[in-house]
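Coordinates as given in start.txt (compact mmCIF, C-alpha atoms and all ligand atoms):
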```
# COMPACT_ATOMS: atom_id res chain seq x y z
CA MET A 51 -61.43 -27.11 -28.04
CA TYR A 52 -57.86 -28.06 -27.27
CA LEU A 53 -55.22 -25.96 -25.59
CA LYS A 54 -53.33 -25.51 -28.86
CA ASP A 55 -56.45 -23.98 -30.43
CA VAL A 56 -56.82 -21.45 -27.60
CA VAL A 57 -53.12 -20.56 -27.93
CA LYS A 58 -53.53 -20.19 -31.71
CA LEU A 59 -56.56 -17.95 -31.19
CA LEU A 60 -54.73 -15.77 -28.66
CA LYS A 61 -51.69 -15.41 -30.93
CA GLU A 62 -53.95 -14.33 -33.78
CA LEU A 63 -55.73 -11.83 -31.56
CA ILE A 64 -52.41 -10.31 -30.48
CA GLU A 65 -51.14 -10.13 -34.04
CA ILE A 66 -54.09 -8.02 -35.12
CA PRO A 67 -53.06 -4.69 -33.56
CA SER A 68 -56.06 -2.99 -32.00
CA PRO A 69 -54.96 0.19 -30.28
CA LEU A 70 -57.70 2.53 -29.14
CA TYR A 71 -59.74 3.86 -32.15
CA GLU A 72 -58.46 1.07 -34.43
CA GLU A 73 -60.66 -1.81 -33.39
CA GLU A 74 -62.48 -2.66 -36.64
CA GLU A 75 -60.15 -5.38 -37.93
CA ILE A 76 -60.11 -7.32 -34.68
CA ALA A 77 -63.88 -6.86 -34.28
CA ASN A 78 -64.41 -8.46 -37.70
CA TYR A 79 -61.99 -11.24 -36.84
CA VAL A 80 -63.71 -12.17 -33.55
CA GLY A 81 -67.16 -11.77 -35.10
CA ASN A 82 -66.28 -14.17 -37.94
CA TRP A 83 -64.66 -16.62 -35.53
CA LEU A 84 -67.74 -16.67 -33.31
CA GLU A 85 -70.07 -17.08 -36.31
CA ARG A 86 -68.00 -19.99 -37.58
CA SER A 87 -68.41 -21.55 -34.15
CA GLY A 88 -72.17 -21.39 -34.59
CA LEU A 89 -72.91 -18.35 -32.43
CA GLU A 90 -75.21 -15.46 -33.23
CA VAL A 91 -73.27 -12.24 -33.75
CA GLU A 92 -74.25 -8.59 -33.96
CA TYR A 93 -72.03 -5.58 -34.58
CA GLN A 94 -73.00 -2.54 -32.59
CA TYR A 95 -71.28 0.62 -33.81
CA VAL A 96 -70.07 3.13 -31.27
CA GLU A 97 -68.97 5.24 -34.21
CA LYS A 98 -67.84 4.60 -37.80
CA GLY A 99 -65.27 1.80 -37.91
CA ARG A 100 -65.61 1.05 -34.20
CA PRO A 101 -68.03 -1.79 -33.53
CA ASN A 102 -68.71 -3.72 -30.35
CA VAL A 103 -69.20 -7.41 -31.07
CA ILE A 104 -72.15 -8.94 -29.24
CA SER A 105 -72.63 -12.67 -29.35
CA TRP A 106 -75.38 -14.90 -27.96
CA VAL A 107 -75.60 -18.52 -27.01
CA LYS A 108 -79.33 -19.06 -26.98
CA GLY A 109 -81.12 -21.49 -24.75
CA LYS A 110 -84.74 -22.58 -24.54
CA TYR A 111 -85.53 -19.34 -22.71
CA ASP A 112 -84.42 -15.86 -23.71
CA ASP A 113 -83.56 -14.76 -20.17
CA VAL A 114 -79.93 -13.64 -20.20
CA LYS A 115 -78.47 -15.22 -17.08
CA ILE A 116 -74.95 -13.96 -17.49
CA MET A 117 -72.84 -11.75 -19.71
CA LEU A 118 -69.07 -12.03 -20.05
CA VAL A 119 -67.38 -8.81 -21.10
CA GLY A 120 -63.97 -7.98 -22.54
CA HIS A 121 -62.47 -5.05 -24.42
CA LEU A 122 -60.96 -5.36 -27.88
CA ASP A 123 -58.84 -2.22 -27.77
CA THR A 124 -55.36 -2.14 -26.26
CA PHE A 125 -52.99 0.37 -24.81
CA SER A 126 -50.51 1.54 -27.45
CA ILE A 127 -47.20 3.32 -27.58
CA GLY A 128 -46.77 3.43 -31.33
CA ASP A 129 -44.15 1.41 -33.19
CA GLU A 130 -44.25 -1.81 -31.25
CA ALA A 131 -43.55 -5.27 -32.62
CA ILE A 132 -46.85 -6.97 -33.35
CA GLU A 133 -45.58 -10.52 -33.36
CA ALA A 134 -46.83 -12.68 -30.48
CA LYS A 135 -43.95 -14.63 -28.94
CA VAL A 136 -44.29 -17.85 -27.00
CA ILE A 137 -41.55 -18.24 -24.42
CA ASP A 138 -41.90 -21.22 -22.08
CA ASP A 139 -45.42 -21.01 -20.61
CA SER A 140 -46.02 -17.37 -21.60
CA ILE A 141 -47.34 -15.51 -24.60
CA TRP A 142 -45.79 -12.08 -25.00
CA GLY A 143 -47.28 -9.20 -26.94
CA ARG A 144 -49.33 -6.04 -26.62
CA GLY A 145 -52.77 -6.90 -25.28
CA ALA A 146 -51.75 -10.37 -24.03
CA VAL A 147 -52.87 -9.67 -20.47
CA ASP A 148 -55.03 -6.57 -21.13
CA MET A 149 -57.03 -8.35 -22.26
CA LYS A 150 -56.81 -10.64 -25.25
CA GLY A 151 -55.92 -13.61 -23.02
CA ALA A 152 -59.28 -13.34 -21.27
CA ILE A 153 -61.03 -12.74 -24.60
CA ALA A 154 -59.55 -15.94 -26.08
CA ALA A 155 -60.66 -17.79 -22.93
CA MET A 156 -64.20 -16.36 -23.16
CA MET A 157 -64.55 -17.04 -26.90
CA SER A 158 -63.45 -20.65 -26.52
CA ALA A 159 -65.78 -21.14 -23.53
CA PHE A 160 -68.74 -19.76 -25.52
CA SER A 161 -67.88 -21.93 -28.49
CA ARG A 162 -67.78 -25.03 -26.28
CA VAL A 163 -71.00 -24.32 -24.42
CA SER A 164 -72.89 -23.61 -27.65
CA LYS A 165 -72.64 -27.32 -28.51
CA LEU A 166 -74.72 -28.21 -25.43
CA ASN A 167 -78.42 -28.23 -24.78
CA LEU A 168 -79.05 -24.96 -22.93
CA LYS A 169 -81.98 -23.86 -20.83
CA TYR A 170 -81.06 -20.16 -20.62
CA THR A 171 -79.19 -17.60 -22.70
CA ALA A 172 -75.79 -15.94 -22.22
CA VAL A 173 -74.12 -13.01 -23.93
CA LEU A 174 -70.51 -12.33 -24.79
CA GLY A 175 -69.91 -8.59 -25.09
CA LEU A 176 -66.60 -7.61 -26.70
CA VAL A 177 -66.39 -3.85 -26.63
CA VAL A 178 -64.27 -1.00 -27.97
CA ASP A 179 -63.00 2.17 -26.28
CA GLU A 180 -62.17 0.80 -22.82
CA GLU A 181 -58.80 2.51 -23.04
CA GLY A 182 -60.66 5.69 -24.04
CA LYS A 183 -63.88 6.91 -22.50
CA GLY A 184 -65.63 3.55 -22.14
CA LYS A 185 -68.14 4.32 -24.90
CA GLY A 186 -68.27 0.63 -25.92
CA SER A 187 -69.64 -0.72 -22.65
CA GLU A 188 -71.84 2.35 -22.29
CA LEU A 189 -73.54 1.46 -25.58
CA LEU A 190 -73.54 -2.29 -24.87
CA VAL A 191 -75.80 -1.89 -21.83
CA THR A 192 -78.40 -0.03 -23.89
CA LYS A 193 -78.88 -3.27 -25.83
CA VAL A 194 -78.28 -6.10 -23.38
CA ARG A 195 -80.06 -6.77 -20.11
CA SER A 196 -78.38 -9.46 -18.08
CA GLU A 197 -78.87 -10.77 -14.55
CA LYS A 198 -75.16 -10.44 -13.88
CA ALA A 199 -71.87 -9.80 -15.63
CA ILE A 200 -68.21 -10.76 -15.33
CA VAL A 201 -65.53 -8.49 -16.76
CA GLY A 202 -62.38 -10.49 -17.54
CA GLU A 203 -59.74 -7.87 -16.72
CA PRO A 204 -56.64 -9.42 -15.10
CA THR A 205 -57.21 -10.14 -11.40
CA ASN A 206 -55.00 -13.24 -11.12
CA PHE A 207 -58.18 -15.27 -10.56
CA SER A 208 -59.26 -13.28 -7.54
CA VAL A 209 -62.82 -11.97 -7.47
CA SER A 210 -63.14 -8.24 -7.44
CA PRO A 211 -66.58 -7.00 -6.32
CA LEU A 212 -65.01 -3.64 -5.49
CA GLN A 213 -64.26 -1.23 -8.25
CA SER A 214 -62.32 2.00 -7.92
CA GLY A 215 -63.62 5.33 -9.13
CA LEU A 216 -61.71 7.85 -11.21
CA LEU A 217 -61.03 11.54 -11.26
CA GLU A 218 -58.89 13.01 -14.02
CA ILE A 219 -58.17 16.72 -13.85
CA GLU A 220 -56.14 19.33 -15.66
CA LEU A 221 -54.56 22.40 -14.11
CA LEU A 222 -53.72 25.38 -16.27
CA VAL A 223 -51.66 28.01 -14.52
CA ARG A 224 -50.71 31.36 -15.97
CA GLY A 225 -48.00 33.23 -14.11
CA VAL A 226 -46.02 36.38 -14.80
CA ARG A 227 -42.83 36.03 -16.84
CA THR A 228 -39.56 37.58 -15.73
CA HIS A 229 -35.80 37.02 -15.98
CA VAL A 230 -34.65 33.76 -14.31
CA ALA A 231 -32.09 35.69 -12.25
CA LEU A 232 -34.77 37.99 -10.81
CA PRO A 233 -37.62 35.61 -10.07
CA GLU A 234 -39.13 37.82 -7.33
CA HIS A 235 -40.37 40.17 -10.06
CA GLY A 236 -42.63 37.55 -11.59
CA VAL A 237 -44.86 34.64 -10.65
CA ASN A 238 -43.52 31.23 -11.60
CA ALA A 239 -46.37 29.17 -13.06
CA TYR A 240 -44.59 25.92 -12.14
CA ASP A 241 -44.24 26.90 -8.46
CA GLU A 242 -47.91 27.85 -8.37
CA ALA A 243 -48.90 24.52 -9.89
CA VAL A 244 -46.75 22.67 -7.34
CA LYS A 245 -48.51 24.54 -4.52
CA VAL A 246 -51.86 23.31 -5.75
CA LEU A 247 -50.60 19.77 -6.39
CA ASN A 248 -49.10 19.51 -2.90
CA TYR A 249 -52.32 20.76 -1.41
CA ILE A 250 -54.36 18.12 -3.27
CA LYS A 251 -51.92 15.33 -2.30
CA GLY A 252 -52.20 16.32 1.34
CA THR A 253 -56.01 16.27 1.51
CA HIS A 254 -57.79 13.78 3.69
CA MET A 255 -59.05 11.63 0.81
CA PHE A 256 -55.56 10.15 0.40
CA LYS A 257 -55.44 9.03 4.03
CA ASP A 258 -58.63 7.00 3.75
CA ARG A 259 -58.17 3.21 3.73
CA GLY A 260 -60.39 0.25 2.86
CA PRO A 261 -60.26 -3.29 4.29
CA LEU A 262 -58.33 -4.94 1.43
CA PRO A 263 -54.70 -4.54 0.30
CA TYR A 264 -54.11 -1.53 -1.94
CA MET A 265 -57.43 0.01 -0.93
CA TYR A 266 -56.38 3.61 -0.96
CA SER A 267 -56.73 6.41 -3.46
CA THR A 268 -53.80 7.28 -5.68
CA PHE A 269 -52.55 10.53 -7.15
CA VAL A 270 -50.40 10.56 -10.29
CA ILE A 271 -49.13 13.54 -12.25
CA SER A 272 -49.13 11.90 -15.66
CA LYS A 273 -48.13 14.85 -17.85
CA VAL A 274 -46.57 18.28 -17.31
CA ILE A 275 -46.04 20.90 -19.98
CA CYS A 276 -44.27 23.86 -18.52
CA GLY A 277 -42.05 26.80 -19.44
CA GLU A 278 -41.19 28.55 -22.68
CA GLU A 279 -37.63 29.86 -22.58
CA LEU A 280 -34.60 28.67 -20.63
CA TRP A 281 -33.82 32.17 -19.32
CA SER A 282 -37.23 33.27 -18.14
CA ILE A 283 -39.39 31.79 -15.46
CA PRO A 284 -42.29 29.71 -16.79
CA LYS A 285 -45.35 31.71 -17.64
CA HIS A 286 -47.55 28.72 -18.44
CA CYS A 287 -47.87 25.37 -16.79
CA ARG A 288 -50.29 22.62 -17.73
CA VAL A 289 -50.54 19.55 -15.51
CA HIS A 290 -52.57 16.41 -16.03
CA VAL A 291 -53.47 14.45 -12.90
CA VAL A 292 -55.09 11.03 -12.65
CA MET A 293 -56.59 9.96 -9.34
CA SER A 294 -57.96 6.55 -8.56
CA LEU A 295 -60.70 6.90 -5.94
CA LEU A 296 -62.10 4.50 -3.38
CA PRO A 297 -65.56 3.11 -4.18
CA TRP A 298 -67.29 5.49 -1.76
CA GLN A 299 -65.44 8.66 -2.81
CA ASP A 300 -67.63 10.78 -5.06
CA PRO A 301 -65.54 12.43 -7.80
CA ASP A 302 -68.00 15.33 -8.26
CA VAL A 303 -67.92 16.28 -4.58
CA ILE A 304 -64.13 15.92 -4.45
CA PHE A 305 -63.61 17.99 -7.58
CA ASP A 306 -65.82 20.74 -6.21
CA GLU A 307 -63.89 20.89 -2.94
CA LEU A 308 -60.47 20.71 -4.57
CA SER A 309 -61.17 23.38 -7.14
CA LYS A 310 -62.61 25.84 -4.62
CA ALA A 311 -59.67 25.40 -2.24
CA SER A 312 -57.05 25.46 -5.03
CA VAL A 313 -58.17 28.80 -6.42
CA ARG A 314 -57.58 30.37 -3.00
CA LEU A 315 -53.97 29.12 -2.89
CA ILE A 316 -52.83 30.90 -6.00
CA SER A 317 -50.80 34.14 -5.81
CA ASP A 318 -52.24 37.46 -6.95
CA ASP A 319 -51.46 38.25 -10.61
CA CYS A 320 -51.68 34.58 -11.38
CA GLU A 321 -54.53 32.62 -12.94
CA LEU A 322 -55.60 29.05 -12.33
CA LEU A 323 -58.04 27.11 -14.44
CA ILE A 324 -58.85 23.71 -13.03
CA SER A 325 -61.01 21.41 -15.14
CA MET A 326 -62.36 17.91 -14.88
CA VAL A 327 -61.27 15.75 -17.82
CA ASP A 328 -63.09 12.60 -16.77
CA ASP A 329 -64.72 11.11 -13.72
CA ASP A 330 -66.50 7.97 -12.65
CA LEU A 331 -67.87 6.62 -9.43
CA GLY A 332 -66.60 3.25 -8.19
CA PHE A 333 -68.84 0.65 -6.56
CA TRP A 334 -68.95 -2.08 -3.97
CA LEU A 335 -71.15 -5.07 -4.69
CA VAL A 336 -71.99 -6.11 -1.15
CA ASN A 337 -74.00 -9.29 -1.81
CA TRP A 338 -71.74 -10.60 -4.56
CA GLU A 339 -71.38 -14.12 -3.08
CA GLU A 340 -75.10 -14.67 -3.43
CA THR A 341 -75.33 -13.29 -6.97
CA PHE A 342 -72.19 -15.10 -8.11
CA SER A 343 -72.66 -18.38 -6.28
CA THR A 344 -71.89 -20.31 -9.50
CA LEU A 345 -68.52 -18.55 -9.74
CA VAL A 346 -67.77 -19.35 -6.09
CA ASP A 347 -68.60 -23.03 -6.69
CA VAL A 348 -66.45 -23.19 -9.83
CA ILE A 349 -63.47 -21.49 -8.17
CA LYS A 350 -63.70 -23.93 -5.26
CA SER A 351 -63.72 -26.90 -7.64
CA THR A 352 -60.86 -25.62 -9.82
CA ILE A 353 -58.55 -23.33 -7.86
CA GLY A 354 -59.62 -24.24 -4.33
CA LYS A 355 -59.74 -21.00 -2.39
CA VAL A 356 -61.71 -17.87 -3.25
CA HIS A 357 -59.61 -14.69 -3.02
CA VAL A 358 -61.28 -11.30 -2.98
CA SER A 359 -59.49 -8.26 -4.36
CA TYR A 360 -59.98 -4.62 -5.17
CA MET A 361 -59.91 -3.46 -8.81
CA ARG A 362 -57.69 -0.41 -8.76
CA SER A 363 -58.04 0.65 -12.35
CA TRP A 364 -61.14 2.00 -14.12
CA CYS A 365 -62.72 -0.63 -16.32
CA ASP A 366 -65.97 -1.43 -18.11
CA ALA A 367 -67.41 -2.80 -14.84
CA ASN A 368 -68.16 0.82 -13.82
CA ASN A 369 -70.43 1.28 -16.84
CA LEU A 370 -72.10 -2.12 -16.54
CA TYR A 371 -72.92 -1.43 -12.91
CA HIS A 372 -73.83 2.26 -12.98
CA LYS A 373 -75.20 2.71 -16.50
CA GLY A 374 -76.62 -0.78 -17.03
CA GLY A 375 -77.69 -1.54 -13.47
CA ILE A 376 -76.06 -4.99 -13.83
CA PRO A 377 -74.45 -6.61 -10.77
CA THR A 378 -70.86 -6.98 -11.97
CA ILE A 379 -67.61 -8.40 -10.72
CA VAL A 380 -64.15 -8.48 -12.30
CA PHE A 381 -62.49 -11.86 -12.62
CA GLY A 382 -59.82 -12.80 -15.12
CA PRO A 383 -56.43 -14.39 -15.79
CA GLY A 384 -53.07 -12.64 -15.48
CA ASP A 385 -51.51 -9.85 -13.53
CA LEU A 386 -52.69 -6.25 -13.91
CA LYS A 387 -49.11 -5.10 -13.20
CA LEU A 388 -48.10 -6.34 -16.66
CA ALA A 389 -50.82 -4.34 -18.43
CA HIS A 390 -49.57 -1.18 -20.22
CA SER A 391 -46.00 -2.31 -19.47
CA ASP A 392 -43.07 -3.18 -21.73
CA ASN A 393 -43.23 -6.76 -20.44
CA GLU A 394 -46.82 -7.51 -21.32
CA ARG A 395 -47.45 -11.26 -21.32
CA ILE A 396 -49.78 -13.92 -19.99
CA SER A 397 -49.23 -17.50 -18.95
CA ILE A 398 -50.73 -20.10 -21.27
CA SER A 399 -51.85 -22.25 -18.36
CA ASP A 400 -53.71 -19.25 -16.91
CA VAL A 401 -55.55 -18.70 -20.19
CA ALA A 402 -56.45 -22.40 -20.31
CA LEU A 403 -57.67 -22.28 -16.69
CA ALA A 404 -59.72 -19.15 -17.39
CA SER A 405 -61.32 -20.84 -20.38
CA GLU A 406 -62.26 -23.84 -18.23
CA ILE A 407 -63.64 -21.66 -15.42
CA TYR A 408 -65.71 -19.47 -17.77
CA TYR A 409 -67.01 -22.62 -19.46
CA ARG A 410 -68.06 -24.22 -16.17
CA ILE A 411 -69.78 -21.01 -15.01
CA LEU A 412 -71.73 -20.90 -18.28
CA VAL A 413 -72.71 -24.55 -17.89
CA LYS A 414 -74.06 -23.89 -14.40
CA GLU A 415 -75.76 -20.59 -15.21
CA LEU A 416 -77.41 -21.90 -18.36
CA GLU A 417 -78.25 -25.25 -16.79
CA ALA A 418 -76.62 -26.87 -19.78
CA LYS A 419 -76.87 -30.59 -20.33
ZN ZN B 1 -58.10 -3.70 -19.68
```

Please, can you express the file's structure as structure tokens?
Amino acid sequence: MYLKDVVKLLKELIEIPSPLYEEEEIANYVGNWLERSGLEVEYQYVEKGRPNVISWVKGKYDDVKIMLVGHLDTFSIGDEAIEAKVIDDSIWGRGAVDMKGAIAAMMSAFSRVSKLNLKYTAVLGLVVDEEGKGKGSELLVTKVRSEKAIVGEPTNFSVSPLQSGLLEIELLVRGVRTHVALPEHGVNAYDEAVKVLNYIKGTHMFKDRGPLPYMYSTFVISKVICGEELWSIPKHCRVHVVMSLLPWQDPDVIFDELSKASVRLISDDCELLISMVDDDLGFWLVNWEETFSTLVDVIKSTIGKVHVSYMRSWCDANNLYHKGGIPTIVFGPGDLKLAHSDNERISISDVALASEIYYRILVKELEAK
């Protein structure tokens, strides 16, 4: 497969919009493409209209040596242009870096390796719902057992054997309404929420550090709905908080501690409801160099030096590792900073390099001739 074919494939993938919950068209497209390339394809439905696409390159033996995983859904902010634009060495468009670039690289690598004589089997798992609750990868691991897996989220070709955890919470505060000029007669729901938020931000978990850059937990207030009238103090305040946790921080334990302490901070006459929206434990694959020795070899022969990084965002690796028991690392082209941004793009040479690296890993893992 030539570079222009990979670019064509990526442009087509971008131009089929696939925001969360609307993955069927792209799933059919990639399934047909893989079938035309001679691969076995199965659609695994997470729910109606939302299939994972699972594809096999089969060798002499059925043992699945490796699975490459990508997600078909993208972040979406509504009325965006769907046209993929090529400017110099980059392809711009929603999903370019997160993560249709890696998917194009994986598909082309699978297509290439399928023409060889293979000893073992590999799986390509293209899943839905990564931008949602991760139901795609959760279902995928009920079907596929693999010795190891690589998730192609953008890591700029560094290897990430460390995956962050997640804690998403919602605070609902009910205060006592009064005239804005006489606030001492009421309880301002916003002020109460801020008290709790400041307490959480100041807890010890945010001072903890790991050995790699950016290895700390983060705290982001991603949505606030507060107040009713301009001339009364807010009676209701609803705050959505997303925390990225270090691999060893247990979201259940943290939530328990935070909620108990927060309830005690709230003024009398005021109510606080704190609920967990989502949570997941991170992980740290200690012996990754042994398990992924083929990846190490290929990186050395293509890029030169192996860089290790920390995956700061939740991704399907959490499900593969915890729910599937599959040793998993994240390794893919492009910069995570560009994901979910207004400047989403990926470099064409990075996609080509990713395709070559995935291909060479498959050749080694499957002992292809
Ligand atoms: Zn992603």

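The interatomic distance for the pair CA of Val91 (chain A) and CA of Val348 (chain A) works out to 27.2 Å.
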
Point to revise | Test item: which residues lie within 12 Å of (-59.9, 13.3, -13.7) counting only C-alpha atoms, as number ranges by chain | key: A: 183, 215-221, 268-272, 289-295, 300-302, 304-305, 308, 324-331, 364

Which protein, DNA or RNA residues have an atom within 10 Å of ligand ZN 1 (chain B), counting only C-alpha atoms and all ligand atoms, as a short mmCIF file (atom, residue, chain, number, x, y, z; two decimals) with C-alpha atoms, in the coordinates of the input?
```
data_model
loop_
_atom_site.label_atom_id
_atom_site.label_comp_id
_atom_site.auth_asym_id
_atom_site.auth_seq_id
_atom_site.Cartn_x
_atom_site.Cartn_y
_atom_site.Cartn_z
CA GLY A 120 -63.97 -7.98 -22.54
CA HIS A 121 -62.47 -5.05 -24.42
CA LEU A 122 -60.96 -5.36 -27.88
CA ASP A 123 -58.84 -2.22 -27.77
CA THR A 124 -55.36 -2.14 -26.26
CA PHE A 125 -52.99 0.37 -24.81
CA GLY A 145 -52.77 -6.90 -25.28
CA VAL A 147 -52.87 -9.67 -20.47
CA ASP A 148 -55.03 -6.57 -21.13
CA MET A 149 -57.03 -8.35 -22.26
CA LYS A 150 -56.81 -10.64 -25.25
CA ALA A 152 -59.28 -13.34 -21.27
CA GLU A 180 -62.17 0.80 -22.82
CA GLU A 181 -58.80 2.51 -23.04
CA VAL A 201 -65.53 -8.49 -16.76
CA GLY A 202 -62.38 -10.49 -17.54
CA GLU A 203 -59.74 -7.87 -16.72
CA PRO A 204 -56.64 -9.42 -15.10
CA SER A 363 -58.04 0.65 -12.35
CA TRP A 364 -61.14 2.00 -14.12
CA CYS A 365 -62.72 -0.63 -16.32
CA ASP A 366 -65.97 -1.43 -18.11
CA LEU A 386 -52.69 -6.25 -13.91
CA ALA A 389 -50.82 -4.34 -18.43
CA HIS A 390 -49.57 -1.18 -20.22
#
```

Check your understanding: Excluding same-chain residues fewer than 3 positions from His254 (chain A), what lies within 12 Å of it counting only C-alpha atoms, as a list in words?
Key -> Tyr249, Ile250, Lys251, Lys257, Asp258, Arg259, Tyr266, Ser267, Gln299, Ile304, Glu307 and Leu308 of chain A

**Study point:** Two-atom distance - CA of Glu394 (chain A), CA of Asp129 (chain A) (Å)
**Key:**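 Value for the CA of Glu394 (chain A)-CA of Asp129 (chain A) distance: 15.1 Å.
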
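Counting only C-alpha atoms and comparing A:Gly186, A:Gly109, A:Pro67, A:Pro377, the residue that lies closest to Asn167 (chain A) is A:Gly109.
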
Exercise for review: Work out how far apart CA of Val413 (chain A) and CA of Ser105 (chain A) are and give it in Å to one decimal.
Suggested key: 16.5 Å

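Neighbours of Glu321 (chain A) closer than or equal to 7 Å, with all atoms listed in the file counted and sequence neighbours fewer than 6 positions away skipped, come out as Val223, Arg224 and Gly225 of chain A.
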
Selection export as a compact mmCIF listing (two decimals), in the frame of the given file, atoms kept: C-alpha atoms:
```
# COMPACT_ATOMS: atom_id res chain seq x y z
CA VAL A 223 -51.66 28.01 -14.52
CA ARG A 224 -50.71 31.36 -15.97
CA GLY A 225 -48.00 33.23 -14.11
```

Exercise for review: Between A:Ile116, A:Ala367, A:Val313, A:Ile64, single out the one closest to Glu130 (chain A), counting all atoms listed in the file.
Suggested key: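 Under the stated criterion, the closest residue is A:Ile64.
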
Give me, as a tab-separated table, the closest atom pair and its distance (Å, one decimal) for every residue of region 174-228 of chain A within a cut-off of 10 Å of region 397-411 of chain A, counting all atoms listed in the file, rows sorted by chain and rising number.
```
residue	atom	partner	partner_atom	distance
A:Ile200	CA	A:Tyr408	CA	9.4
A:Gly202	CA	A:Ala404	CA	9.1
A:Asn206	CA	A:Asp400	CA	8.4
A:Phe207	CA	A:Ala404	CA	8.0
```
